[in-house]
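Peer 1: Sharing model.cif below, mmCIF, C-alpha atoms:
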```
data_upload
#
loop_
_atom_site.group_PDB
_atom_site.id
_atom_site.type_symbol
_atom_site.label_atom_id
_atom_site.label_comp_id
_atom_site.auth_asym_id
_atom_site.auth_seq_id
_atom_site.Cartn_x
_atom_site.Cartn_y
_atom_site.Cartn_z
ATOM 1 C CA MET A 14 -2.257 0.418 -12.111
ATOM 2 C CA PRO A 15 -4.042 -0.386 -8.850
ATOM 3 C CA GLN A 16 -7.394 -2.128 -9.014
ATOM 4 C CA GLU A 17 -10.418 -0.317 -7.605
ATOM 5 C CA LYS A 18 -11.384 -3.168 -5.302
ATOM 6 C CA LYS A 19 -8.816 -5.203 -3.447
ATOM 7 C CA GLU A 20 -9.632 -7.917 -0.952
ATOM 8 C CA VAL A 21 -8.094 -7.461 2.452
ATOM 9 C CA VAL A 22 -4.953 -9.568 2.865
ATOM 10 C CA MET A 23 -4.643 -11.416 6.140
ATOM 11 C CA PRO A 24 -1.658 -10.482 8.315
ATOM 12 C CA SER A 25 1.059 -13.131 8.553
ATOM 13 C CA LYS A 26 0.501 -13.738 12.260
ATOM 14 C CA LYS A 27 0.163 -17.168 13.831
ATOM 15 C CA SER A 28 -2.206 -15.817 16.460
ATOM 16 C CA ASN A 29 -4.746 -13.047 16.833
ATOM 17 C CA ILE A 30 -2.735 -11.358 19.597
ATOM 18 C CA ILE A 31 -1.904 -8.059 17.944
ATOM 19 C CA TYR A 32 -2.040 -5.742 20.956
ATOM 20 C CA GLU A 33 0.435 -6.945 23.616
ATOM 21 C CA ASN A 34 -0.252 -3.985 25.922
ATOM 22 C CA TRP A 35 3.144 -3.380 27.501
ATOM 23 C CA LYS A 36 3.150 -0.218 29.618
ATOM 24 C CA VAL A 37 6.054 2.227 29.386
ATOM 25 C CA TYR A 38 6.540 4.601 32.343
ATOM 26 C CA SER A 39 8.738 7.651 32.644
ATOM 27 C CA MET A 40 11.325 8.062 35.401
ATOM 28 C CA ALA A 41 8.664 10.028 37.306
ATOM 29 C CA HIS A 42 6.379 6.985 36.974
ATOM 30 C CA LYS A 43 4.004 8.582 34.465
ATOM 31 C CA LEU A 44 2.428 6.170 31.992
ATOM 32 C CA MET A 45 3.721 7.507 28.671
ATOM 33 C CA PHE A 46 2.598 4.998 26.083
ATOM 34 C CA ARG A 47 2.061 1.335 25.330
ATOM 35 C CA CYS A 48 4.059 -0.942 23.063
ATOM 36 C CA ASN A 49 4.527 -4.566 22.065
ATOM 37 C CA GLU A 50 6.927 -7.011 23.682
ATOM 38 C CA LYS A 51 9.539 -6.602 20.951
ATOM 39 C CA LYS A 52 9.789 -2.858 21.641
ATOM 40 C CA ALA A 53 9.856 -3.423 25.401
ATOM 41 C CA GLN A 54 12.719 -5.903 25.008
ATOM 42 C CA TRP A 55 14.538 -3.361 22.840
ATOM 43 C CA TYR A 56 14.577 -0.932 25.787
ATOM 44 C CA LEU A 57 15.517 -3.628 28.289
ATOM 45 C CA LYS A 58 18.414 -5.091 26.309
ATOM 46 C CA ARG A 59 19.994 -1.648 26.013
ATOM 47 C CA ASP A 60 19.515 -0.877 29.716
ATOM 48 C CA LEU A 61 17.188 1.952 28.733
ATOM 49 C CA ALA A 62 14.457 0.546 30.980
ATOM 50 C CA THR A 63 13.886 -1.812 33.897
ATOM 51 C CA VAL A 64 11.024 -4.199 34.565
ATOM 52 C CA LEU A 65 8.485 -3.136 37.177
ATOM 53 C CA PRO A 66 8.012 -6.332 39.217
ATOM 54 C CA LYS A 67 4.728 -5.317 40.822
ATOM 55 C CA GLU A 68 2.972 -4.616 37.534
ATOM 56 C CA THR A 69 2.251 -6.959 34.642
ATOM 57 C CA ARG A 70 4.048 -6.201 31.382
ATOM 58 C CA SER A 71 5.433 -2.890 32.575
ATOM 59 C CA ILE A 72 8.795 -1.194 32.191
ATOM 60 C CA LYS A 73 10.231 2.064 33.479
ATOM 61 C CA LEU A 74 12.626 4.154 31.432
ATOM 62 C CA THR A 75 16.072 4.829 32.903
ATOM 63 C CA PHE A 76 16.503 8.138 31.061
ATOM 64 C CA GLU A 77 14.626 11.392 30.739
ATOM 65 C CA ALA A 78 12.561 11.155 27.584
ATOM 66 C CA LYS A 79 12.341 14.169 25.284
ATOM 67 C CA GLY A 80 8.569 14.194 25.307
ATOM 68 C CA ASP A 81 6.062 13.748 28.096
ATOM 69 C CA GLY A 82 4.145 10.970 26.382
ATOM 70 C CA HIS A 83 0.383 10.875 26.031
ATOM 71 C CA LYS A 84 -1.826 12.634 28.523
ATOM 72 C CA LYS A 85 -3.575 10.699 31.268
ATOM 73 C CA GLY A 86 -6.846 9.138 30.160
ATOM 74 C CA ASP A 87 -5.931 9.253 26.461
ATOM 75 C CA TYR A 88 -6.817 6.390 24.139
ATOM 76 C CA MET A 89 -3.131 5.760 23.477
ATOM 77 C CA VAL A 90 -2.399 4.670 27.064
ATOM 78 C CA GLU A 91 -5.363 2.372 27.730
ATOM 79 C CA ASP A 92 -5.446 -1.407 27.395
ATOM 80 C CA ARG A 93 -6.656 -2.508 23.976
ATOM 81 C CA ALA A 94 -8.642 -5.665 23.391
ATOM 82 C CA ASN A 95 -7.707 -8.029 20.556
ATOM 83 C CA ILE A 96 -11.163 -8.004 18.994
ATOM 84 C CA CYS A 97 -12.834 -6.494 15.942
ATOM 85 C CA VAL A 98 -14.026 -3.006 16.877
ATOM 86 C CA SER A 99 -17.112 -3.523 14.714
ATOM 87 C CA CYS A 100 -18.512 -6.968 15.575
ATOM 88 C CA GLY A 101 -16.399 -7.960 18.572
ATOM 89 C CA GLY A 102 -15.066 -11.131 16.935
ATOM 90 C CA ASN A 103 -11.569 -12.335 17.775
ATOM 91 C CA GLN A 104 -10.815 -14.414 14.665
ATOM 92 C CA TYR A 105 -9.170 -13.399 11.357
ATOM 93 C CA LEU A 106 -8.188 -9.982 12.684
ATOM 94 C CA THR A 107 -6.633 -7.395 10.370
ATOM 95 C CA ILE A 108 -5.124 -3.991 11.030
ATOM 96 C CA HIS A 109 -7.202 -1.271 9.410
ATOM 97 C CA HIS A 110 -5.811 2.157 8.494
ATOM 98 C CA VAL A 111 -8.595 4.627 9.292
ATOM 99 C CA VAL A 112 -6.781 7.125 7.080
ATOM 100 C CA PRO A 113 -5.794 5.023 4.031
ATOM 101 C CA GLU A 114 -2.111 4.236 3.669
ATOM 102 C CA MET A 115 -2.126 5.807 0.194
ATOM 103 C CA TYR A 116 -2.490 9.172 1.994
ATOM 104 C CA ARG A 117 -0.783 8.432 5.303
ATOM 105 C CA HIS A 118 2.430 7.401 3.516
ATOM 106 C CA TRP A 119 2.960 10.968 2.254
ATOM 107 C CA MET A 120 2.047 12.825 5.460
ATOM 108 C CA PRO A 121 4.646 14.774 7.455
ATOM 109 C CA LEU A 122 6.520 12.759 10.083
ATOM 110 C CA ALA A 123 4.985 14.939 12.790
ATOM 111 C CA VAL A 124 1.644 13.322 11.878
ATOM 112 C CA LYS A 125 2.465 9.735 10.896
ATOM 113 C CA SER A 126 5.564 8.850 12.930
ATOM 114 C CA LYS A 127 5.141 6.448 15.867
ATOM 115 C CA SER A 128 1.386 6.800 15.870
ATOM 116 C CA SER A 129 -1.101 3.927 16.013
ATOM 117 C CA ARG A 130 -4.157 5.982 16.956
ATOM 118 C CA ASP A 131 -5.714 5.463 13.535
ATOM 119 C CA LEU A 132 -4.779 1.783 13.268
ATOM 120 C CA LEU A 133 -7.746 -0.266 14.457
ATOM 121 C CA LEU A 134 -8.614 -3.949 14.444
ATOM 122 C CA LEU A 135 -11.284 -5.334 12.118
ATOM 123 C CA CYS A 136 -12.065 -8.932 11.277
ATOM 124 C CA LYS A 137 -11.620 -9.820 7.632
ATOM 125 C CA ASN A 138 -15.357 -9.740 6.904
ATOM 126 C CA CYS A 139 -15.975 -6.319 8.487
ATOM 127 C CA HIS A 140 -12.803 -5.009 6.844
ATOM 128 C CA ASN A 141 -13.977 -6.018 3.373
ATOM 129 C CA VAL A 142 -17.426 -4.529 3.962
ATOM 130 C CA TYR A 143 -15.951 -1.194 5.006
ATOM 131 C CA GLU A 144 -13.383 -1.077 2.187
ATOM 132 C CA ASP A 145 -16.231 -0.961 -0.346
ATOM 133 C CA LYS A 146 -17.538 2.179 1.383
ATOM 134 C CA ALA A 147 -14.076 3.654 1.750
ATOM 135 C CA MET A 148 -13.543 3.269 -2.007
ATOM 136 C CA LYS A 149 -16.561 5.510 -2.650
ATOM 137 C CA PHE A 150 -14.957 8.180 -0.467
ATOM 138 C CA LYS A 151 -11.664 7.804 -2.318
ATOM 139 C CA LYS A 152 -13.457 8.276 -5.638
ATOM 140 C CA LYS A 153 -14.850 11.564 -4.355
ATOM 141 C CA CYS A 154 -11.261 12.591 -3.668
ATOM 142 C CA VAL A 155 -10.513 12.211 -7.389
ATOM 143 C CA ASN A 156 -12.505 15.370 -8.151
ATOM 144 C CA ARG A 157 -11.504 17.046 -4.929
ATOM 145 C CA PHE A 158 -7.779 16.826 -5.658
ATOM 146 C CA ASN A 159 -8.082 16.665 -9.451
ATOM 147 C CA ILE A 160 -6.051 13.495 -9.861
ATOM 148 C CA PRO A 161 -7.089 9.881 -10.619
ATOM 149 C CA LEU A 162 -6.657 7.213 -7.950
ATOM 150 C CA GLU A 163 -4.074 5.504 -10.145
ATOM 151 C CA GLY A 164 -2.043 8.694 -10.250
ATOM 152 C CA ARG A 165 -1.068 10.979 -13.111
ATOM 153 C CA GLY A 166 1.784 10.616 -15.579
ATOM 154 C CA TRP A 167 1.341 7.101 -16.938
ATOM 155 C CA VAL A 168 2.774 6.399 -20.383
ATOM 156 C CA TYR A 169 0.586 4.015 -22.392
ATOM 157 C CA LEU A 170 1.683 1.720 -25.221
ATOM 158 C CA PRO A 171 -1.531 0.707 -27.044
ATOM 159 C CA HIS A 172 0.259 -1.522 -29.591
ATOM 160 C CA TYR A 173 1.840 -3.428 -26.701
ATOM 161 C CA LYS A 174 -1.571 -3.828 -25.092
ATOM 162 C CA VAL A 175 -3.127 -5.287 -28.269
ATOM 163 C CA ALA A 176 -0.316 -7.831 -28.658
ATOM 164 C CA LYS A 177 -0.435 -8.707 -24.956
ATOM 165 C CA LYS A 178 -4.168 -9.420 -25.052
ATOM 166 C CA ALA A 179 -3.823 -11.540 -28.192
ATOM 167 C CA ALA A 180 -0.936 -13.588 -26.789
ATOM 168 C CA SER A 181 -2.664 -14.063 -23.436
ATOM 169 C CA ALA A 182 -5.826 -15.314 -25.159
ATOM 170 C CA LEU A 183 -3.856 -17.850 -27.201
ATOM 171 C CA ILE A 184 -2.027 -19.125 -24.125
ATOM 172 C CA ARG A 185 -5.056 -19.213 -21.865
ATOM 173 C CA SER A 186 -7.778 -20.678 -24.083
ATOM 174 C CA ALA A 187 -6.609 -21.444 -27.612
ATOM 175 C CA ASP A 188 -8.555 -24.719 -27.608
ATOM 176 C CA LYS A 189 -11.805 -22.819 -27.077
ATOM 177 C CA ILE A 190 -11.217 -20.193 -29.778
ATOM 178 C CA PRO A 191 -12.443 -20.821 -33.362
ATOM 179 C CA GLN A 192 -9.683 -21.446 -35.897
ATOM 180 C CA ASP A 193 -10.331 -18.251 -37.875
ATOM 181 C CA ARG A 194 -10.179 -16.187 -34.680
ATOM 182 C CA GLN A 195 -6.999 -17.975 -33.619
ATOM 183 C CA GLN A 196 -5.405 -16.996 -36.898
ATOM 184 C CA VAL A 197 -6.337 -13.351 -36.390
ATOM 185 C CA LEU A 198 -4.737 -13.418 -32.934
ATOM 186 C CA LYS A 199 -1.613 -15.165 -34.267
ATOM 187 C CA ASP A 200 -1.287 -12.595 -37.055
ATOM 188 C CA THR A 201 -1.609 -9.816 -34.474
ATOM 189 C CA VAL A 202 1.219 -11.275 -32.384
ATOM 190 C CA LEU A 203 3.404 -11.976 -35.431
ATOM 191 C CA LYS A 204 2.937 -8.456 -36.811
ATOM 192 C CA PHE A 205 3.842 -6.960 -33.465
ATOM 193 C CA TRP A 206 6.888 -9.196 -33.060
ATOM 194 C CA LYS A 207 8.127 -8.391 -36.551
ATOM 195 C CA GLU A 208 7.889 -4.648 -35.867
ATOM 196 C CA TYR A 209 8.770 -4.494 -32.177
ATOM 197 C CA GLY A 210 10.439 -7.807 -31.276
ATOM 198 C CA LYS A 211 13.876 -6.241 -31.494
ATOM 199 C CA GLU A 212 12.732 -3.434 -29.176
ATOM 200 C CA VAL A 213 11.368 -5.936 -26.647
ATOM 201 C CA LYS A 214 14.635 -7.897 -26.640
ATOM 202 C CA GLU A 215 16.695 -4.744 -26.170
ATOM 203 C CA LYS A 216 14.580 -3.787 -23.161
ATOM 204 C CA GLU A 217 15.104 -7.243 -21.692
ATOM 205 C CA GLU A 218 18.854 -6.957 -22.201
ATOM 206 C CA GLU A 219 18.862 -3.592 -20.426
ATOM 207 C CA GLU A 220 16.944 -5.043 -17.476
ATOM 208 C CA GLU A 221 18.685 -8.420 -17.207
ATOM 209 C CA GLY A 222 22.167 -7.613 -18.516
ATOM 210 C CA PHE A 223 23.626 -8.509 -21.902
ATOM 211 C CA ASN A 224 24.963 -12.065 -22.451
ATOM 212 C CA GLU A 225 26.408 -14.098 -25.323
ATOM 213 C CA GLU A 226 23.282 -16.205 -25.719
ATOM 214 C CA GLY A 227 21.211 -13.083 -26.117
ATOM 215 C CA LYS A 228 23.728 -11.749 -28.602
ATOM 216 C CA LYS A 229 23.464 -14.830 -30.790
ATOM 217 C CA GLU A 230 19.691 -14.779 -30.626
ATOM 218 C CA LYS A 231 19.665 -11.125 -31.638
ATOM 219 C CA GLU A 232 22.122 -11.679 -34.511
ATOM 220 C CA GLY A 233 20.170 -14.605 -35.925
ATOM 221 C CA SER A 234 16.711 -13.158 -35.537
ATOM 222 C CA ASN A 235 16.423 -10.829 -38.541
ATOM 223 C CA GLU A 236 16.208 -13.565 -41.159
ATOM 224 C CA GLU A 237 13.681 -15.513 -39.096
ATOM 225 C CA GLU A 238 11.484 -12.463 -38.651
ATOM 226 C CA LYS A 239 11.525 -11.667 -42.349
ATOM 227 C CA GLU A 240 10.402 -15.183 -43.222
ATOM 228 C CA GLU A 241 7.998 -15.335 -40.284
ATOM 229 C CA VAL A 242 8.888 -18.983 -39.742
ATOM 230 C CA TYR A 243 9.248 -20.146 -36.152
ATOM 231 C CA SER A 244 9.686 -23.470 -34.484
ATOM 232 C CA GLU A 245 7.063 -24.443 -31.923
ATOM 233 C CA GLU A 246 9.542 -23.681 -29.157
ATOM 234 C CA ASP A 247 10.309 -20.227 -30.600
ATOM 235 C CA TRP A 248 6.618 -19.476 -31.101
ATOM 236 C CA ASN A 249 5.768 -20.449 -27.525
ATOM 237 C CA ARG A 250 8.598 -18.236 -26.299
ATOM 238 C CA ILE A 251 7.276 -15.308 -28.350
ATOM 239 C CA LEU A 252 3.782 -15.848 -26.967
ATOM 240 C CA GLU A 253 5.112 -15.885 -23.421
ATOM 241 C CA LYS A 254 7.140 -12.719 -23.932
ATOM 242 C CA CYS A 255 4.169 -10.907 -25.486
ATOM 243 C CA SER A 256 1.810 -12.023 -22.717
ATOM 244 C CA LEU A 257 4.151 -10.412 -20.183
ATOM 245 C CA LEU A 258 4.574 -7.098 -21.983
ATOM 246 C CA GLU A 259 4.319 -3.942 -19.888
ATOM 247 C CA ASP A 260 1.773 -1.890 -21.816
ATOM 248 C CA HIS A 261 2.016 1.121 -19.511
ATOM 249 C CA PHE A 262 4.644 2.548 -17.181
ATOM 250 C CA ARG A 263 5.272 5.528 -14.954
ATOM 251 C CA GLY A 264 6.661 8.441 -16.924
ATOM 252 C CA PRO A 265 9.228 10.943 -15.610
ATOM 253 C CA ASP A 266 6.483 13.288 -14.358
ATOM 254 C CA PHE A 267 4.425 10.583 -12.644
ATOM 255 C CA ILE A 268 2.884 11.460 -9.290
ATOM 256 C CA GLU A 269 0.750 9.250 -7.074
ATOM 257 C CA HIS A 270 -2.760 10.281 -6.087
ATOM 258 C CA GLY A 271 -1.928 10.303 -2.377
ATOM 259 C CA ASN A 272 1.234 12.322 -2.871
ATOM 260 C CA SER A 273 -0.606 15.014 -4.833
ATOM 261 C CA ALA A 274 -3.452 15.116 -2.309
ATOM 262 C CA ILE A 275 -1.122 15.578 0.666
ATOM 263 C CA GLN A 276 0.878 18.240 -1.188
ATOM 264 C CA GLN A 277 -2.335 20.197 -1.640
ATOM 265 C CA LEU A 278 -3.434 19.654 1.954
ATOM 266 C CA THR A 279 -0.119 20.868 3.380
ATOM 267 C CA LYS A 280 0.231 24.030 1.275
ATOM 268 C CA ASN A 281 -1.411 26.025 4.053
ATOM 269 C CA SER A 282 0.726 25.802 7.195
ATOM 270 C CA VAL A 283 0.343 27.599 10.520
ATOM 271 C CA LEU A 284 2.773 27.832 13.449
ATOM 272 C CA ASN A 285 1.310 26.867 16.817
ATOM 273 C CA GLU A 286 2.125 28.508 20.156
ATOM 274 C CA LYS A 287 5.333 26.455 20.374
ATOM 275 C CA GLY A 288 6.483 27.593 16.944
ATOM 276 C CA GLN A 289 5.766 24.190 15.420
ATOM 277 C CA GLU A 290 4.315 23.830 11.942
ATOM 278 C CA THR A 291 0.718 22.603 11.676
ATOM 279 C CA TRP A 292 -1.532 21.987 8.679
ATOM 280 C CA PRO A 293 -5.221 22.860 9.257
ATOM 281 C CA ASP A 294 -6.394 21.414 5.910
ATOM 282 C CA LEU A 295 -4.654 18.110 6.607
ATOM 283 C CA GLU A 296 -6.142 18.001 10.101
ATOM 284 C CA GLY A 297 -9.606 18.399 8.589
ATOM 285 C CA PHE A 298 -8.963 15.633 6.067
ATOM 286 C CA ILE A 299 -7.864 13.192 8.784
ATOM 287 C CA LYS A 300 -10.944 13.995 10.844
ATOM 288 C CA GLU A 301 -13.140 13.406 7.787
ATOM 289 C CA TRP A 302 -11.788 9.872 7.463
ATOM 290 C CA ARG A 303 -12.258 9.244 11.175
ATOM 291 C CA GLN A 304 -15.863 10.401 10.970
ATOM 292 C CA HIS A 305 -16.436 8.358 7.817
ATOM 293 C CA PHE A 306 -15.238 5.255 9.653
ATOM 294 C CA LEU A 307 -17.593 5.878 12.586
ATOM 295 C CA ASP A 308 -20.551 6.622 10.312
ATOM 296 C CA HIS A 309 -20.182 3.620 8.041
ATOM 297 C CA ILE A 310 -19.027 0.800 10.285
ATOM 298 C CA ASP A 311 -20.711 1.726 13.577
ATOM 299 C CA PRO A 312 -17.898 0.273 15.737
ATOM 300 C CA GLN A 313 -19.757 -1.054 18.782
ATOM 301 C CA PHE A 314 -16.560 -2.344 20.402
ATOM 302 C CA LEU A 315 -14.342 0.700 19.893
ATOM 303 C CA SER A 316 -13.115 2.473 23.018
ATOM 304 C CA GLU A 317 -15.002 5.630 23.937
ATOM 305 C CA LEU A 318 -11.610 7.316 24.291
ATOM 306 C CA TRP A 319 -11.066 7.054 20.532
ATOM 307 C CA THR A 320 -12.595 10.196 19.053
ATOM 308 C CA VAL A 321 -12.631 12.142 15.811
ATOM 309 C CA ASP A 322 -10.892 15.031 17.577
ATOM 310 C CA GLY A 323 -8.126 12.865 19.058
ATOM 311 C CA ASP A 324 -4.524 14.052 18.756
ATOM 312 C CA ILE A 325 -3.175 14.249 15.203
ATOM 313 C CA TYR A 326 0.425 15.299 15.857
ATOM 314 C CA THR A 327 2.852 12.907 17.531
ATOM 315 C CA ARG A 328 5.495 15.351 18.721
#
```
Translate this structure into structure tokens?
Peer 2:
Amino acid sequence: MPQEKKEVVMPSKKSNIIYENWKVYSMAHKLMFRCNEKKAQWYLKRDLATVLPKETRSIKLTFEAKGDGHKKGDYMVEDRANICVSCGGNQYLTIHHVVPEMYRHWMPLAVKSKSSRDLLLLCKNCHNVYEDKAMKFKKKCVNRFNIPLEGRGWVYLPHYKVAKKAASALIRSADKIPQDRQQVLKDTVLKFWKEYGKEVKEKEEEEEGFNEEGKKEKEGSNEEEKEEVYSEEDWNRILEKCSLLEDHFRGPDFIEHGNSAIQQLTKNSVLNEKGQETWPDLEGFIKEWRQHFLDHIDPQFLSELWTVDGDIYTR
């Protein structure tokens, strides 16, 4: 299950140039959107665009696009600086999801597809500081959507958990554990292995594929288990297997927290003037996260064009 607090992982970039600010114009020379160099080259290599020689990092499409792009003066068409929107630093930059990915992942394509409006730059330090505050908001969503953050539908195996803890303790710090306590832990592992060792091996065979070596081990194991006599090599192997036991797994009815939340938020749909489906409850939820970000990180270096009421749909 996911941990409550997770340190921000640095992106695998060799530089802090995340925004490359290529401009993409329509055939009528309207600035539609911005992209990175890789996307610009994708258009150019397929003759779907030409370079505009009088403008830096600019291409013009050679076909009529389906949409009209973003409106003039929108945040999505302005130059973006490669700095932390909170402190203005330009080192150790990370991409922050204003609406957490655990929710965004399950949103309709009309909301999440080809949209970077709610992806903002934070340095690692500012990112970690905000994530602590974001976690408090997520915890409030547990009651709001009536589902734990780790999801619902886990199947727990308490006897596996007991054996796993005992084996892990013996592997990790046996030399620091009193002899009588060591014996208790060994007895715990041995009892588990005698009762469930066959089950563990069968699961391994299902996952890894059956082989002759496994067959021989299985055929010769019953007598050993009855006598509870193991070589040092066998005992170490048992300890390792027990320390790696999966003591819980997703059952057939498992559902993630974010999936359940978005299902609830999209139950109420309304058609707009173009006959397109919209979701007022989801819109409100996205705006809540945007406001939460502004309230708790006070982004001094965020563009004034980025607002809580900015476009939500990408179509």
Peer 1: Which protein, DNA or RNA residues are at most 10 Å from (-7.1, 18.2, 15.4) in the file's coordinates when you count all atoms listed in the file, listed as a list in words?
Peer 2: Thr291, Trp292, Pro293, Leu295, Glu296, Gly297, Phe298, Ile299, Lys300, Val321, Asp322, Gly323, Asp324, Ile325 and Tyr326 of chain A
Peer 1: Check which residues satisfy the PyMOL selection byres ((chain A and resi 169-172) around 8) in the file shown, then give them as an NGL selection string.
Peer 2: :A and (167-168 or 173-176 or 205 or 260-262)
Peer 1: Contacts of region 118-120 of chain A at 7 Å or less, counting all atoms listed in the file, minus same-chain residues fewer than 4 places along, as a short mmCIF file (atom, residue, chain, number, x, y, z; two decimals) with C-alpha atoms, keeping the file's coordinate frame?
Peer 2:
```cif
data_model
loop_
_atom_site.label_atom_id
_atom_site.label_comp_id
_atom_site.auth_asym_id
_atom_site.auth_seq_id
_atom_site.Cartn_x
_atom_site.Cartn_y
_atom_site.Cartn_z
CA GLU A 114 -2.11 4.24 3.67
CA VAL A 124 1.64 13.32 11.88
CA LYS A 125 2.46 9.74 10.90
CA GLY A 271 -1.93 10.30 -2.38
CA ASN A 272 1.23 12.32 -2.87
CA ILE A 275 -1.12 15.58 0.67
#
```
Peer 1: Using only C-alpha atoms, which residue out of A:Asn103, A:Ser256, A:Ser129, A:Ser244 lies closest to Leu183 (chain A)?
Peer 2: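 Looking at the shortest contact to Leu183 (chain A), the residue is A:Ser256.
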Peer 1: Apply the PyMOL selection byres ((chain A and resi 316) around 12) to the file shown and report the selected residues as a VMD selection string.
Peer 2: chain A and resid 86 to 94 96 to 99 101 130 133 to 134 307 312 to 315 317 to 320
Peer 1: In the coordinate frame of the file, compute which residues have an atom within 7 Å of (1.7, -1.7, 26.4) when using all atoms listed in the file, and state them as number ranges by chain.
Peer 2: A: 33-37, 46-49
Peer 1: Mind dumping the selected residues with C-alpha atoms as an mmCIF file, keeping the file's coordinate frame?
Peer 2:
```
data_model
loop_
_atom_site.group_PDB
_atom_site.id
_atom_site.type_symbol
_atom_site.label_atom_id
_atom_site.label_comp_id
_atom_site.auth_asym_id
_atom_site.auth_seq_id
_atom_site.Cartn_x
_atom_site.Cartn_y
_atom_site.Cartn_z
ATOM 1 C CA GLU A 33 0.435 -6.945 23.616
ATOM 2 C CA ASN A 34 -0.252 -3.985 25.922
ATOM 3 C CA TRP A 35 3.144 -3.380 27.501
ATOM 4 C CA LYS A 36 3.150 -0.218 29.618
ATOM 5 C CA VAL A 37 6.054 2.227 29.386
ATOM 6 C CA PHE A 46 2.598 4.998 26.083
ATOM 7 C CA ARG A 47 2.061 1.335 25.330
ATOM 8 C CA CYS A 48 4.059 -0.942 23.063
ATOM 9 C CA ASN A 49 4.527 -4.566 22.065
#
```
Peer 1: What residues come out when you apply the PyMOL selection byres ((chain A and resi 62) around 8) to this file, written as an MDAnalysis selection string?
Peer 2: chainID A and resid 56:57 59:61 63:64 72:76
Peer 1: Which residue is closest to Tyr243 (chain A)? Choose from A:Gln192, A:Leu198, A:Lys207, A:Lys51 and count all atoms listed in the file.
Peer 2: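 That would be A:Lys207, the residue with the smallest distance to Tyr243 (chain A).
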Peer 1: For Glu217 (chain A), which residue out of A:Ala123, A:Ile160, A:Leu257, A:Ile268 is the nearest one, using all atoms listed in the file?
Peer 2: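 Result for the nearest residue to Glu217 (chain A): A:Leu257.
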Peer 1: In Å, how far is it from CA of Gly166 (chain A) to CA of Tyr116 (chain A)?
Peer 2: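 Calculated distance between CA of Gly166 (chain A) and CA of Tyr116 (chain A) is 18.1 Å.
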Peer 1: Find the residue from A:Met45, A:Val112, A:Cys136, A:Leu122 that sits nearest to Ser71 (chain A); use all atoms listed in the file when measuring.
Peer 2: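 Of all the options, A:Met45 lies closest to Ser71 (chain A).
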Peer 1: Closest to Ala182 (chain A) among A:Glu50, A:Asp311, A:Glu301, A:Glu253, using only C-alpha atoms?
Peer 2: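 The closest residue to Ala182 (chain A) is A:Glu253.
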Peer 1: Here is a test: counting all atoms listed in the file, which residue of A:Leu252, A:Met115, A:Lys152, A:Ala41 is nearest to Ala187 (chain A)?
Peer 2: A:Leu252
Peer 1: Which residues, written as a list in words, have at least one atom at most 8 Å from Cys139 (chain A), with all atoms listed in the file counted and residues fewer than 3 positions away on the same chain left out?
Peer 2: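 Selected residues are Ser99, Cys100, Leu135, Cys136, Val142, Tyr143 and Ile310 of chain A.
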